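Peer 1: The following file, entry26.csv, comprises CSV, C-alpha atoms:
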chain,number,residue,atom,x,y,z
A,1152,MET,CA,7.1,5.7,152.7
A,1153,VAL,CA,9.8,3.2,151.9
A,1154,GLY,CA,11.4,1.8,155.0
A,1155,ILE,CA,15.1,2.0,154.1
A,1156,LEU,CA,17.3,4.1,156.3
A,1157,VAL,CA,20.3,5.6,154.7
A,1158,ALA,CA,23.1,6.7,157.0
A,1159,THR,CA,25.5,9.5,156.2
A,1160,LEU,CA,28.9,10.5,157.2
A,1161,HIS,CA,28.3,14.3,156.6
A,1162,SER,CA,28.5,16.1,159.9
A,1163,ASN,CA,26.3,19.0,158.8
A,1164,MET,CA,23.5,16.8,157.6
A,1165,ILE,CA,20.8,14.7,159.1
A,1166,ASP,CA,22.2,11.4,160.4
A,1167,GLN,CA,19.7,9.1,158.7
A,1168,VAL,CA,17.2,9.6,156.0
A,1169,ARG,CA,14.3,7.7,154.7
A,1170,VAL,CA,13.4,7.6,151.0
A,1171,THR,CA,9.7,8.2,150.3
A,1172,CYS,CA,7.7,6.7,147.6
A,1173,HIS,CA,7.1,10.2,146.2
A,1174,ALA,CA,10.9,10.7,146.0
A,1175,ILE,CA,11.2,7.4,144.1
A,1176,GLU,CA,8.5,8.4,141.7
A,1177,ARG,CA,10.1,11.8,141.1
A,1178,TRP,CA,13.5,10.2,140.5
A,1179,LEU,CA,12.0,8.0,137.8
A,1180,GLU,CA,10.2,11.0,136.4
A,1181,ARG,CA,12.9,13.7,136.6
A,1182,VAL,CA,16.3,12.1,137.0
A,1183,GLU,CA,16.5,8.6,135.4
A,1184,PRO,CA,13.3,7.6,133.7
A,1185,ASP,CA,14.9,4.6,132.0
A,1186,ILE,CA,16.2,2.7,135.0
A,1187,ASP,CA,14.7,-0.3,136.8
A,1188,PRO,CA,12.3,1.1,139.5
A,1189,GLU,CA,13.8,-1.5,141.9
A,1190,GLU,CA,17.2,0.3,141.6
A,1191,VAL,CA,15.9,3.8,142.3
A,1192,GLU,CA,16.1,3.5,146.1
A,1193,LYS,CA,19.7,2.4,145.9
A,1194,ARG,CA,20.5,5.3,143.5
A,1195,ILE,CA,18.9,7.8,145.9
A,1196,ALA,CA,20.8,6.3,148.8
A,1197,THR,CA,24.1,6.6,146.8
A,1198,ALA,CA,23.2,10.1,145.8
A,1199,TRP,CA,22.6,11.0,149.4
A,1200,GLN,CA,26.1,9.9,150.3
A,1201,THR,CA,27.5,12.7,148.1
A,1202,ALA,CA,25.0,15.4,148.9
A,1203,GLU,CA,26.0,18.7,150.5
A,1204,GLU,CA,23.5,20.9,152.3
A,1205,LEU,CA,22.5,23.9,150.2
A,1206,CYS,CA,20.1,25.8,152.3
A,1207,GLN,CA,16.7,26.0,154.1
A,1208,ALA,CA,14.0,25.2,151.6
A,1209,GLU,CA,10.2,25.6,151.8
A,1210,GLY,CA,8.7,25.1,155.2
A,1211,ASN,CA,11.1,23.3,157.5
A,1212,THR,CA,12.7,21.3,154.7
A,1213,LYS,CA,16.3,21.5,153.6
A,1214,ALA,CA,17.8,21.3,150.1
A,1215,TYR,CA,20.8,19.2,149.4
A,1216,LEU,CA,22.8,18.9,146.1
A,1217,THR,CA,24.5,15.7,145.0
A,1218,GLU,CA,27.6,15.4,143.0
A,1219,GLU,CA,25.4,14.4,140.0
A,1220,ASN,CA,23.6,17.8,140.4
A,1221,VAL,CA,20.4,16.3,141.8
A,1222,VAL,CA,18.6,18.3,144.4
A,1223,LEU,CA,17.2,16.3,147.3
A,1224,ILE,CA,14.5,17.9,149.5
A,1225,VAL,CA,14.7,16.5,153.0
A,1226,ALA,CA,12.0,17.0,155.7
A,1227,PRO,CA,13.0,17.6,159.4
A,1228,ASP,CA,12.2,14.0,160.2
A,1229,GLY,CA,14.9,12.8,157.7
A,1230,ALA,CA,12.5,11.8,154.9
A,1231,ILE,CA,13.7,12.6,151.4
A,1232,VAL,CA,10.4,14.0,150.1
A,1233,THR,CA,11.3,14.9,146.5
A,1234,VAL,CA,14.1,15.0,144.0
A,1235,PHE,CA,14.8,17.0,140.8
A,1236,LYS,CA,17.6,18.1,138.6
A,1237,PRO,CA,18.0,21.9,138.5
A,1238,GLU,CA,16.8,23.3,135.1
A,1239,TYR,CA,17.3,26.8,133.8
A,1240,GLY,CA,15.5,26.4,130.5
A,1241,PHE,CA,18.6,26.1,128.2
A,1242,GLY,CA,18.7,22.3,127.7
A,1243,PRO,CA,20.6,19.7,129.7
A,1244,GLU,CA,24.1,20.5,128.5
A,1245,ILE,CA,23.9,24.3,129.3
A,1246,ASP,CA,21.9,23.7,132.4
A,1247,GLU,CA,24.7,21.4,133.7
A,1248,ARG,CA,27.3,24.1,133.0
A,1249,ILE,CA,25.1,26.7,134.8
A,1250,CYS,CA,24.8,24.3,137.7
A,1251,ALA,CA,28.6,23.6,137.7
A,1252,GLU,CA,29.2,27.4,137.7
A,1253,LEU,CA,26.8,28.1,140.5
A,1254,ARG,CA,28.3,25.2,142.5
A,1255,GLN,CA,31.7,26.8,142.1
A,1256,GLN,CA,30.4,30.2,143.1
A,1257,LEU,CA,28.7,28.6,146.1
A,1258,LYS,CA,32.0,26.9,147.0
A,1259,GLU,CA,33.8,30.3,146.8
A,1260,ALA,CA,31.1,32.1,148.7
A,1261,ARG,CA,31.3,29.6,151.5
A,1262,ALA,CA,35.1,29.7,151.5
A,1263,ASN,CA,34.9,33.5,151.7
A,1264,LEU,CA,32.3,33.4,154.5
A,1265,GLU,CA,34.4,30.9,156.4
A,1266,GLN,CA,37.5,33.1,156.0
A,1267,ILE,CA,35.6,36.2,157.1
A,1268,ARG,CA,34.2,34.3,160.1
A,1269,LYS,CA,37.8,33.2,161.1
A,1270,GLU,CA,39.0,36.8,160.7
A,1271,ILE,CA,36.2,38.5,162.5
A,1272,GLY,CA,35.5,35.8,165.0
A,1273,PRO,CA,38.1,37.0,167.6
A,1274,ARG,CA,37.0,40.6,167.1
A,1275,VAL,CA,33.3,39.6,167.5
A,1276,GLN,CA,34.2,37.7,170.7
A,1277,SER,CA,36.2,40.7,172.0
A,1278,LEU,CA,33.3,43.0,171.3
A,1279,GLU,CA,30.9,40.6,173.0
A,1280,ALA,CA,33.2,40.4,176.0
A,1281,THR,CA,33.4,44.2,176.0
A,1282,ALA,CA,29.6,44.5,175.8
A,1283,VAL,CA,29.3,42.1,178.7
A,1284,ALA,CA,31.8,44.1,180.7
A,1285,VAL,CA,30.1,47.4,179.9
A,1286,GLN,CA,26.7,45.9,180.9
A,1287,ALA,CA,28.2,44.8,184.2
A,1288,GLU,CA,29.6,48.4,184.6
A,1289,ILE,CA,26.2,49.8,183.8
A,1290,GLU,CA,24.5,47.5,186.4
A,1291,ALA,CA,27.2,48.4,189.0
A,1292,LEU,CA,26.7,52.1,188.2
A,1293,GLN,CA,22.9,51.8,188.4
A,1294,ALA,CA,23.3,50.0,191.8
A,1295,ARG,CA,25.6,52.8,192.9
A,1296,GLU,CA,23.2,55.4,191.7
A,1297,LYS,CA,20.4,53.7,193.6
A,1298,ARG,CA,22.5,53.8,196.8
A,1299,ILE,CA,23.5,57.4,196.2
A,1300,ARG,CA,19.8,58.4,195.6
A,1301,SER,CA,18.8,56.5,198.7
A,1302,ALA,CA,21.4,58.3,200.8
A,1303,ARG,CA,20.4,61.6,199.3
A,1304,ASN,CA,16.7,60.9,200.1
A,1305,ALA,CA,17.6,59.9,203.7
A,1306,LEU,CA,19.5,63.2,204.0
A,1307,LEU,CA,16.5,65.2,202.6
A,1308,GLU,CA,14.2,63.4,205.0
A,1309,MET,CA,16.5,64.3,207.9
A,1310,GLU,CA,16.6,67.9,206.6
A,1311,GLN,CA,12.8,68.0,206.5
A,1312,GLU,CA,12.5,66.6,210.0
A,1313,LEU,CA,15.0,69.2,211.3
A,1314,GLU,CA,13.1,72.0,209.5
A,1315,GLN,CA,9.9,70.8,211.2
A,1316,LYS,CA,11.6,70.6,214.5
A,1317,GLU,CA,13.2,74.1,214.0
A,1318,ARG,CA,9.8,75.5,213.0
A,1319,SER,CA,8.2,74.0,216.0
A,1320,ILE,CA,10.8,75.4,218.4
A,1321,ALA,CA,10.6,78.8,216.7
A,1322,VAL,CA,6.8,78.8,217.0
A,1323,ARG,CA,6.9,77.9,220.6
A,1324,LEU,CA,9.3,80.8,221.2
A,1325,TYR,CA,7.1,83.5,219.7
A,1326,GLN,CA,3.8,82.0,220.9
A,1327,SER,CA,4.4,82.7,224.5
A,1328,ILE,CA,1.7,83.7,226.9
A,1329,ASN,CA,2.4,87.4,226.2
A,1330,TYR,CA,2.0,86.9,222.5
A,1331,ARG,CA,-1.3,85.1,222.9
A,1332,LEU,CA,-2.6,87.8,225.3
A,1333,GLU,CA,-1.6,90.4,222.7
A,1334,LEU,CA,-3.5,88.5,220.0
A,1335,LEU,CA,-6.6,88.2,222.2
A,1336,ALA,CA,-6.4,91.9,223.0
A,1337,LYS,CA,-6.2,92.8,219.3
A,1338,LYS,CA,-9.2,90.6,218.6
A,1339,GLY,CA,-11.1,92.2,221.5
A,1340,ASN,CA,-10.4,95.7,220.2
A,1341,ARG,CA,-11.7,94.8,216.7
A,1342,ALA,CA,-14.8,93.3,218.1
A,1343,SER,CA,-15.7,96.5,220.0
Mind converting the file's structure to structure tokens?
Peer 2:
Amino acid sequence: MVGILVATLHSNMIDQVRVTCHAIERWLERVEPDIDPEEVEKRIATAWQTAEELCQAEGNTKAYLTEENVVLIVAPDGAIVTVFKPEYGFGPEIDERICAELRQQLKEARANLEQIRKEIGPRVQSLEATAVAVQAEIEALQAREKRIRSARNALLEMEQELEQKERSIAVRLYQSINYRLELLAKKGNRAS
């Protein structure tokens, strides 16, 4: 890799990039085959200054497009790993027009996206705030439900205890000595 660092003023881009030997070779092969190889690094540095981010490319790399319609592929570590001019198979003149038209469409799409984001941004924030509030209500209701169920269970336990006590008292009332003597007598009569 070539050691030059190129700074950029673009806020949405990597702060500094390095130009790789491969990028220099590809510039000579695909972009400007007739220039002095010693000048390529400077040309790439100048091109980088006008580049705008296009999108995520293969792997973790990002694609940038310069004002001269040169695509720069940049690795996450800031290395420009390759360069090329977009080709659509119609020759340089028509390919340039296609690229210009696509650049204009991209500009319009980004403007539309930014406009929509501005328009829906407050609504999205409002809905998010509502969702947070509803979640808080749900959690409060769940806590209330838990307390209610706990109170209900405590009442049911108290009811069971009282039922057992009531049964015990009732059993003691009817299982008096007379009742037991009568039971013993009935058992004695059956045995005889």
Peer 1: Ranking A:Tyr1215, A:Phe1241, A:Phe1235, A:Tyr1330 by minimum distance to Glu1180 in chain A and counting all atoms listed in the file, which one comes first?
Peer 2: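 Closest candidate: A:Phe1235.
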Peer 1: Would you list the contacts of Gly1229 in chain A as a list of chain:residue names, taking every protein, DNA or RNA residue within 7 Å and counting all atoms listed in the file, but skipping same-chain residues closer than 3 positions in sequence?
Peer 2: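 The residues satisfying every condition are A:Ile1165, A:Gln1167, A:Val1168, A:Arg1169, A:Val1225, A:Ala1226.
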Peer 1: Please determine, counting all atoms listed in the file, which residue among A:Gln1266, A:Leu1223, A:Ala1214, A:Leu1179 has the shortest atom-to-atom distance to Ala1198 in chain A.
Peer 2: A:Leu1223
Peer 1: I need the residue nearest Ile1249 in chain A from this list: A:Gln1326, A:Asn1263, A:Asn1220, A:Thr1197. Use only C-alpha atoms for the distance.
Peer 2: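 Of the candidates, the smallest distance to Ile1249 in chain A is held by A:Asn1220.
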Peer 1: Tell me, as a list of chain:residue names, which residues lie within 12 Å of Pro1237 in chain A, counting only C-alpha atoms; anything in the same chain fewer than 4 positions away does not count.
Peer 2: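 My reading of the contact set: A:Arg1181, A:Val1182, A:Ala1214, A:Tyr1215, A:Leu1216, A:Thr1217, A:Glu1219, A:Asn1220, A:Val1221, A:Val1222, A:Leu1223, A:Phe1241, A:Gly1242, A:Pro1243, A:Glu1244, A:Ile1245, A:Asp1246, A:Glu1247, A:Arg1248, A:Ile1249, A:Cys1250, A:Ala1251, A:Leu1253, A:Arg1254.
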Peer 1: Could you please determine the separation between CA of Ile1175 in chain A and CA of Glu1204 in chain A in Å, to one decimal place?
Peer 2: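 It comes out at 20.0 Å.
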Peer 1: In Å, with one decimal, what is the gap from CA of Lys1297 in chain A to CA of Glu1279 in chain A?
Peer 2: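 So the two atoms, CA of Lys1297 in chain A and CA of Glu1279 in chain A, lie 26.6 Å apart.
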Peer 1: Have a look at CA of Ser1301 in chain A and CA of Val1285 in chain A and let me know their distance in Å, one decimal.
Peer 2: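 We find that CA of Ser1301 in chain A and CA of Val1285 in chain A lie 23.7 Å from each other.
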